[in-house]
Structures are given as C-alpha cells and as structure tokens.
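Some notes on the structure that comes next.
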Amino acid sequence: AQSVTQPDIHITVSEGASLELRCNYSYGATPYLFWYVQSPGQGLQLLLKYFSGDTLVQGIKGFEAEFKRSQSSFNLRKPSVHWSDAAEYFCAVGAGGNTGKLIFGQGTTLQVKP
Amino acid sequence: DAGVIQSPRHEVTEMGQEVTLRCKPISGHDYLFWYRQTMMRGLELLIYFNNNVPIDDSGMPEDRFSAKMPNASFSTLKIQPSEPRDSAVYFCASSRTGGGQETQYFGPGTRLLVL
C-alpha cells in the first residue's frame with residue numbers, strides 16, 4: 001500500500017537560512033508526488049508537484065523539490081527562508097490510477113526565527 | 001474563480017446534535033473530496049465524488065457520517081448524531097479530473113467542536 005513519511009514533525013530555522021524538509025514515500029510504480037503548504041487557519045495550497053520528466057521541480061514562493069527514485073524521496077528545499085514561510089508542510093503521493101486520491105504525510109511544522 | 005467555498009467556517013455544537021457541513025467546488029471541476037484533519041490522525045480522506053456520484057466512501061468512519069452531492073456545485077457532509085471525537089477540521093477539495101497528476105484545490109475548512 002502507498003504511504004508517505006515525513007520524518008520531521010517540527011523544524012525551526014533562522015530567517016535567511018536554507019531549508020530542507022524530508023519526505024519518503026512507498027509506491028510500486030512511478031509516483032505522482034505533491035507538496036502542499038497550510039498556513040494557520042487556512043486550507044492547503046499546492047507548492048509543486050512531480051509526475052514525470054525533470055526530477056528537479058520548481059514551485060511557487062521559491063520552493064523546489066527533487067525526486068530521487070533510488071531513495072524513494074521527494075525532499076522540499078528553499079535556499080533562503082522568509083518569516084512568512086512559517087506554516088505546516090504536507091507531502092502527498094497519488095494513490096494510483098485515475099482516482100485522484102492523495103495520501104498525505106503527517107506534516108512538518110516550520111517555525112522561522114527572526 | 002472564488003475557489004472552493006465551505007460553510008460554516010466554525011461550528012460549535014453539543015453531543016448528539018446533527019451537524020451539516022457545506023461545500024461549493026470550483027466550477028468545472030468533476031471531482032470533489034472530503035477530508036478530516038486531526039492532530040492524532042492527520043489528513044484523512046473520507047469520501048470522494050466524480051460527477052456527483054460517490055466513488056469511494058471507505059474513509060467514512062461510521063454510519064453516523066453521510067455525504068451527498070445533489071448537483072455539480074454543492075455537496076454536504078452530515079454527522080448525526082455528533083460526538084466529541086468528531087471534533088476536527090473538515091476540508092473540501094475539488095479537482096478538474098481524476099488524473100493522478102491533477103491538483104486538488106482546498107477550501108478553507110470548517111472547524112468543528114463537539115461539546
């Protein structure tokens with residue numbers, strides 16, 4: 001069965017520092033992978049997604065993610081974090097077929113220190 | 001487009017009462033998803049619809065939960081009777097198609113507290 005693991009529940013970084021959020025997935029075929037962000041009191045917003053082609057994917061707000069099949073990973077990165085990036089980040093994998101179902105990780109809460 | 005609209009944004013009710021959550025998907029989207037978010041279980045898919053037809057309700061926790069989609073622009077999630085353990089944030093999302101690469105667009109959620 002498909003699953004997603006986000007090993008870090010909570011991460012704190014200083015403003016201006018680089019960021020990497022980890023995501024590992026379990027899936028038998030080439031996965032569809034997503035990163036969503038949830039600001040406090042808001043719904044989820046798509047940051048980026050991967051489904052084929054270049055394994056380095058660019059997203060909104062200066063985020064990027066790299067798909068590594070050998071490591072079953074899809075880590076999210078940003079070179080310089082802004083205070084407004086403080087939020088909860090969810091990695092998700094498509095459940096397969098044309099169902100459109102997503103399986104979400106438990107989320108990583110990002111805190112940004114001034 | 002206004003995005004996915006959910007109402008109410010907040011609901012406080014007493015145990016045993018009926019609760020109805022509402023969702024208006026993005027116009028032209030054929031898929032609608034209901035999720036529940038709790039600290040303990042994270043984001044769980046409850047049910048999803050394709051062209052107003054329920055496709056998979058395996059995530060609905062109990063018979064107390066029911067969902068309908070009478071037309072392409074409206075869906076409800078009903079809990080009857082409600083229990084304190086139903087307290088959570090309920091999200092509605094829609095997507096244009098069911099393709100695996102399709103983006104789901106989420107509403108702002110309904111924060112439910114059952115006393």
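Order determines the names: the first chain of the structure tokens is A, the second B, and so forth; residues in each chain are numbered 1 upward, and ligands are numbered 1 upward as they are shown.
Omitting Ile26 of chain B and its sequence neighbours fewer than 5 positions away, and counting only C-alpha atoms, the residues within 10 Å are Asp1, Ala2, Gly3, Val4, Ile5, Tyr31, Leu32, Ala72, Ser73, Phe74, Ala93, Ser94, Ser95, Arg96, Tyr105, Phe106 and Gly107 of chain B.
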Would you mind exporting the chosen residues as a CSV table (one decimal), in the first residue's frame, restricted to all heavy atoms?
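part.csv, freshly written:
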```csv
chain,number,residue,atom,x,y,z
B,1,ASP,N,-12.0,32.9,-10.4
B,1,ASP,CA,-12.9,32.0,-9.7
B,1,ASP,C,-12.7,32.2,-8.2
B,1,ASP,O,-11.6,32.5,-7.7
B,1,ASP,CB,-12.6,30.5,-10.1
B,1,ASP,CG,-13.8,29.6,-9.8
B,1,ASP,OD1,-14.3,29.7,-8.7
B,1,ASP,OD2,-14.1,28.8,-10.7
B,2,ALA,N,-13.8,32.0,-7.4
B,2,ALA,CA,-13.7,32.2,-6.0
B,2,ALA,C,-13.0,31.1,-5.2
B,2,ALA,O,-12.8,31.2,-4.1
B,2,ALA,CB,-15.2,32.4,-5.5
B,3,GLY,N,-12.7,30.0,-5.9
B,3,GLY,CA,-12.1,28.9,-5.2
B,3,GLY,C,-13.2,28.1,-4.5
B,3,GLY,O,-14.4,28.3,-4.7
B,4,VAL,N,-12.7,27.1,-3.8
B,4,VAL,CA,-13.6,26.2,-3.1
B,4,VAL,C,-14.2,26.9,-1.9
B,4,VAL,O,-13.4,27.5,-1.1
B,4,VAL,CB,-12.9,24.9,-2.6
B,4,VAL,CG1,-13.9,24.0,-1.8
B,4,VAL,CG2,-12.4,24.1,-3.9
B,5,ILE,N,-15.5,26.9,-1.7
B,5,ILE,CA,-16.2,27.6,-0.6
B,5,ILE,C,-16.7,26.6,0.3
B,5,ILE,O,-17.4,25.7,-0.1
B,5,ILE,CB,-17.3,28.5,-1.2
B,5,ILE,CG1,-16.6,29.6,-2.1
B,5,ILE,CG2,-18.0,29.2,-0.1
B,5,ILE,CD1,-17.7,30.4,-2.9
B,31,TYR,N,-14.4,16.4,-9.8
B,31,TYR,CA,-14.1,15.6,-8.6
B,31,TYR,C,-14.2,16.4,-7.4
B,31,TYR,O,-13.7,17.6,-7.3
B,31,TYR,CB,-12.7,15.0,-8.7
B,31,TYR,CG,-12.6,13.7,-9.5
B,31,TYR,CD1,-12.6,13.9,-10.9
B,31,TYR,CD2,-12.5,12.5,-9.0
B,31,TYR,CE1,-12.6,12.7,-11.7
B,31,TYR,CE2,-12.5,11.3,-9.8
B,31,TYR,CZ,-12.5,11.5,-11.2
B,31,TYR,OH,-12.5,10.4,-12.0
B,32,LEU,N,-14.8,15.9,-6.3
B,32,LEU,CA,-14.9,16.5,-5.0
B,32,LEU,C,-14.5,15.6,-3.9
B,32,LEU,O,-14.9,14.4,-3.9
B,32,LEU,CB,-16.3,17.1,-4.8
B,32,LEU,CG,-16.5,17.9,-3.5
B,32,LEU,CD1,-17.5,19.1,-3.8
B,32,LEU,CD2,-17.1,17.0,-2.4
B,72,ALA,N,-23.6,19.6,-9.3
B,72,ALA,CA,-22.2,19.8,-9.6
B,72,ALA,C,-21.6,20.9,-8.7
B,72,ALA,O,-20.4,21.1,-8.7
B,72,ALA,CB,-22.0,20.0,-11.0
B,73,SER,N,-22.5,21.7,-8.1
B,73,SER,CA,-22.0,22.9,-7.4
B,73,SER,C,-22.2,22.8,-5.9
B,73,SER,O,-22.1,23.9,-5.2
B,73,SER,CB,-22.6,24.2,-8.0
B,73,SER,OG,-24.0,24.1,-7.9
B,74,PHE,N,-22.6,21.7,-5.4
B,74,PHE,CA,-22.9,21.7,-4.0
B,74,PHE,C,-22.8,20.3,-3.4
B,74,PHE,O,-23.2,19.3,-4.0
B,74,PHE,CB,-24.4,22.1,-3.8
B,74,PHE,CG,-24.8,22.2,-2.3
B,74,PHE,CD1,-24.2,23.1,-1.5
B,74,PHE,CD2,-25.8,21.4,-1.8
B,74,PHE,CE1,-24.6,23.2,-0.2
B,74,PHE,CE2,-26.2,21.5,-0.5
B,74,PHE,CZ,-25.6,22.4,0.3
B,93,ALA,N,-12.2,19.6,-1.1
B,93,ALA,CA,-11.3,19.9,-2.1
B,93,ALA,C,-11.9,19.5,-3.5
B,93,ALA,O,-12.8,18.6,-3.5
B,93,ALA,CB,-10.0,19.2,-1.9
B,94,SER,N,-11.5,20.1,-4.5
B,94,SER,CA,-12.0,19.7,-5.8
B,94,SER,C,-10.9,19.7,-6.8
B,94,SER,O,-9.9,20.4,-6.6
B,94,SER,CB,-13.2,20.7,-6.3
B,94,SER,OG,-12.7,22.0,-6.7
B,95,SER,N,-11.1,18.9,-7.9
B,95,SER,CA,-10.1,18.8,-8.9
B,95,SER,C,-10.8,18.7,-10.3
B,95,SER,O,-11.9,18.2,-10.3
B,95,SER,CB,-9.1,17.7,-8.8
B,95,SER,OG,-9.7,16.4,-8.9
B,96,ARG,N,-10.1,19.1,-11.3
B,96,ARG,CA,-10.7,19.2,-12.6
B,96,ARG,C,-11.0,17.8,-13.1
B,96,ARG,O,-12.1,17.5,-13.7
B,96,ARG,CB,-9.8,19.9,-13.6
B,96,ARG,CG,-10.4,20.4,-14.9
B,96,ARG,CD,-9.4,21.3,-15.6
B,96,ARG,NE,-8.0,20.8,-15.6
B,96,ARG,CZ,-7.6,20.0,-16.6
B,96,ARG,NH1,-8.4,19.6,-17.6
B,96,ARG,NH2,-6.4,19.5,-16.6
B,105,TYR,N,-7.7,21.4,-5.2
B,105,TYR,CA,-7.8,22.8,-4.6
B,105,TYR,C,-8.7,22.7,-3.4
B,105,TYR,O,-9.8,22.2,-3.4
B,105,TYR,CB,-8.4,23.7,-5.6
B,105,TYR,CG,-7.6,23.9,-6.9
B,105,TYR,CD1,-7.6,23.1,-7.9
B,105,TYR,CD2,-6.7,25.0,-6.9
B,105,TYR,CE1,-6.8,23.2,-9.0
B,105,TYR,CE2,-5.8,25.2,-8.0
B,105,TYR,CZ,-5.9,24.3,-9.1
B,105,TYR,OH,-5.1,24.5,-10.2
B,106,PHE,N,-8.1,23.2,-2.3
B,106,PHE,CA,-8.7,23.0,-1.0
B,106,PHE,C,-9.5,24.3,-0.6
B,106,PHE,O,-9.1,25.4,-0.9
B,106,PHE,CB,-7.7,22.7,0.1
B,106,PHE,CG,-7.2,21.3,0.1
B,106,PHE,CD1,-6.3,20.9,-0.9
B,106,PHE,CD2,-7.7,20.4,1.0
B,106,PHE,CE1,-5.9,19.5,-0.9
B,106,PHE,CE2,-7.2,19.1,1.0
B,106,PHE,CZ,-6.3,18.6,0.0
B,107,GLY,N,-10.6,24.0,0.1
B,107,GLY,CA,-11.3,25.1,0.7
B,107,GLY,C,-10.6,25.5,2.1
B,107,GLY,O,-9.7,24.8,2.5
```
What are the closest atom pairs, with distances in Å to one decimal, for all residues of chain A lying within 12 Å of chain B? Consider only C-alpha atoms, order rows by chain and residue number, and present the result as a tab-separated table.
```
residue	atom	partner	partner_atom	distance
A:Val4	CA	B:Leu43	CA	11.8
A:Thr5	CA	B:Gly42	CA	11.9
A:Gln6	CA	B:Gly42	CA	11.7
A:Ile9	CA	B:Met39	CA	11.5
A:Thr30	CA	B:Gly100	CA	10.9
A:Pro31	CA	B:Gly100	CA	8.7
A:Tyr32	CA	B:Gln101	CA	5.9
A:Leu33	CA	B:Gln101	CA	8.1
A:Phe34	CA	B:Thr103	CA	8.6
A:Trp35	CA	B:Thr103	CA	10.5
A:Tyr36	CA	B:Gln104	CA	9.9
A:Val37	CA	B:Phe106	CA	10.9
A:Gln38	CA	B:Pro108	CA	9.7
A:Ser39	CA	B:Pro108	CA	10.2
A:Pro40	CA	B:Pro108	CA	10.2
A:Gly41	CA	B:Pro108	CA	7.4
A:Gln42	CA	B:Pro108	CA	5.0
A:Gly43	CA	B:Pro108	CA	4.2
A:Leu44	CA	B:Phe106	CA	5.6
A:Gln45	CA	B:Phe106	CA	6.9
A:Leu46	CA	B:Thr103	CA	7.3
A:Leu47	CA	B:Thr103	CA	10.2
A:Leu48	CA	B:Thr103	CA	9.3
A:Lys49	CA	B:Gln101	CA	7.8
A:Tyr50	CA	B:Gln101	CA	7.7
A:Phe51	CA	B:Gln101	CA	6.1
A:Ser52	CA	B:Gln101	CA	9.3
A:Glu88	CA	B:Gly42	CA	11.6
A:Tyr89	CA	B:Gly42	CA	11.9
A:Phe90	CA	B:Leu43	CA	9.3
A:Cys91	CA	B:Leu43	CA	11.0
A:Ala92	CA	B:Leu43	CA	10.2
A:Val93	CA	B:Gly100	CA	9.0
A:Gly94	CA	B:Gly100	CA	5.7
A:Ala95	CA	B:Gly100	CA	7.5
A:Gly96	CA	B:Gly100	CA	6.2
A:Gly97	CA	B:Gly100	CA	6.4
A:Asn98	CA	B:Gly99	CA	4.6
A:Thr99	CA	B:Gly98	CA	5.0
A:Gly100	CA	B:Gly98	CA	4.3
A:Lys101	CA	B:Gly100	CA	7.5
A:Leu102	CA	B:Leu45	CA	7.9
A:Ile103	CA	B:Glu44	CA	7.9
A:Phe104	CA	B:Leu43	CA	6.4
A:Gly105	CA	B:Gly42	CA	7.7
A:Gln106	CA	B:Gly42	CA	5.4
A:Gly107	CA	B:Gly42	CA	7.7
A:Thr108	CA	B:Gly42	CA	11.0
```
**Message:** Nearest residue to Leu110 of chain A out of A:Ala29, A:Ala86, A:Val81, A:Ile60, using only C-alpha atoms?
**Reply:**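 Checking each of A:Ala29, A:Ala86, A:Val81, A:Ile60 against Leu110 of chain A, counting only C-alpha atoms, the winner is A:Ala86.
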**strand (DSSP E or B) call set, DSSP backbone run, chain B, as a VMD selection string** = chain B and resid 5 to 7 10 to 13 19 to 24 31 to 38 42 to 50 53 to 56 65 to 71 74 to 79 88 to 95 105 to 106 110 to 114
**Message:** I'd like the neighbourhood of Lys78 of chain B as an NGL selection string, where a residue qualifies if any of its atoms comes within 9 Å (using only C-alpha atoms), though same-chain residues fewer than 3 positions away should be ignored.
**Reply:** :B and (18-22 or 64-68)
**Message:** Counting only C-alpha atoms, which residue out of B:Gln6, B:Thr38, B:Asn71, B:Ser58 sits closest to Arg85 of chain B?
**Reply:**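 Nearest candidate to Arg85 of chain B out of B:Gln6, B:Thr38, B:Asn71, B:Ser58: B:Thr38.
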**Item:** Atom pair atom CA of Thr109 of chain A / atom CA of Asp8 of chain A: separation (Å)
**Value:**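 Atom CA of Thr109 of chain A sits 8.3 Å away from atom CA of Asp8 of chain A.
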**Prompt:** What lies within 8 Å of Asp86 of chain B using only C-alpha atoms, ignoring chain neighbours under 6 positions off, as a PyMOL selection string?
**Reply:** chain B and resi 112-114
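With atom CA of Tyr25 of chain A on one side and atom CA of Phe74 of chain A on the other, the separation reads 7.8 Å.
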**Request:** Would you mind reading off the distance between atom CA of Trp34 of chain B and atom CA of Ala1 of chain A, one decimal, in Å?
**Result:**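 Computing the Euclidean distance for atom CA of Trp34 of chain B and atom CA of Ala1 of chain A yields 20.9 Å.
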**Request:** For Phe63 of chain A, list every protein, DNA or RNA residue within 9 Å, evaluated using only C-alpha atoms, and leave out those in the same chain fewer than 2 positions away; present the list as JSON, numbers by chain.
**Result:** {"A": [47, 48, 57, 58, 59, 60, 61, 65, 76, 77, 78, 79]}
